[in-house]
Amino acid sequence: VDTIPVFTGCYAACASFVNQKIKLEGIRTDLNTVHNITPNSDEIYSTFQAAYRTINNVNYFIAHINTNETANGGSHYYAEARGLRAFIYYNLAMLWGDVPLVTEPIISIEDAQKPHPQSKQSEVYNYVYHEICEVLNNLPEVDGDANSKLHFNKDAGRMLKAELEMTLGNSTT
């Protein structure tokens, strides 16, 4: 598998999730439209689907990345992919609390139709915290190149870790 197109797909899916989340948050915080949100709302469905589309793309990428690229601490692509997945799971847990924690790619229709058990919000946060701590040192630095700011880099990883520290109540680290 050529990992670069798959990796690019992870970012495209993540951008879709972020756009859907912004739209949902705009509706949720507007007193004139908040009552329009129900469990069956298109905004809920679209945001949830975009999140799990991103997660599945990342899971596929991680499952198919060349093992030589992940040797000796992992490549920055591998670290970025795991950082993206952590970012999505953090946001899902913030939005909905308990959510399915899927770490393997879903390839078949049969697998996609199987219900996935929900993990407790605290389990999701702990998973995200472990993921970001494990990949933080392998994330790329932000440099003067404008494109480096568009990647899940060390700054993004540190921000996510700081948010998790506050969420988990870790005031000593």
# chains A, B, ... in the order shown; residues from 1 in each chain; ligands from 1
>>> select_by_dssp(residues="region 28-167 of chain A", states="strand (DSSP E or B)", output="PyMOL selection string")
chain A and resi 99-100+118-119
>>> residues_around(residues="Gly157 (chain A)", least_positions_apart="4", cutoff="8 Å", atoms="only C-alpha atoms", output="PDB file with C-alpha atoms, in the first residue's frame")
ATOM      1  CA  GLY A  83      -2.202  11.878  17.085  1.00  0.00           C
ATOM      2  CA  ILE A 132      -0.523  11.200  22.787  1.00  0.00           C
ATOM      3  CA  LEU A 136       4.529  13.130  21.232  1.00  0.00           C
ATOM      4  CA  LEU A 139       5.568  14.267  16.013  1.00  0.00           C
ATOM      5  CA  PHE A 152      -0.669  17.160  13.605  1.00  0.00           C
ATOM      6  CA  ASN A 153       2.656  18.377  14.958  1.00  0.00           C
ATOM      7  CA  LYS A 161      -1.975  16.593  26.204  1.00  0.00           C
TER       8      LYS A 161
END
>>> closest_residue(among="A:Tyr129, A:Phe7, A:Asp42, A:Leu95", to="Ala162 (chain A)", atoms="only C-alpha atoms")
A:Tyr129
>>> select_by_dssp(residues="region 21-100 of chain A", states="alpha helix (DSSP H)", output="ChimeraX atom specification")
/A:21-28,42-64,67-70,76-96
>>> residues_around(residues="Thr38 (chain A)", least_positions_apart="6", cutoff="12 Å", atoms="only C-alpha atoms", output="mmCIF file with C-alpha atoms, in the first residue's frame")
data_model
loop_
_atom_site.group_PDB
_atom_site.id
_atom_site.type_symbol
_atom_site.label_atom_id
_atom_site.label_comp_id
_atom_site.auth_asym_id
_atom_site.auth_seq_id
_atom_site.Cartn_x
_atom_site.Cartn_y
_atom_site.Cartn_z
ATOM 1 C CA LEU A 24 -22.911 21.275 15.170
ATOM 2 C CA ILE A 27 -26.299 25.125 16.198
ATOM 3 C CA ARG A 28 -25.882 23.863 19.756
ATOM 4 C CA ILE A 44 -25.433 14.590 14.838
ATOM 5 C CA TYR A 45 -25.296 11.824 12.251
#
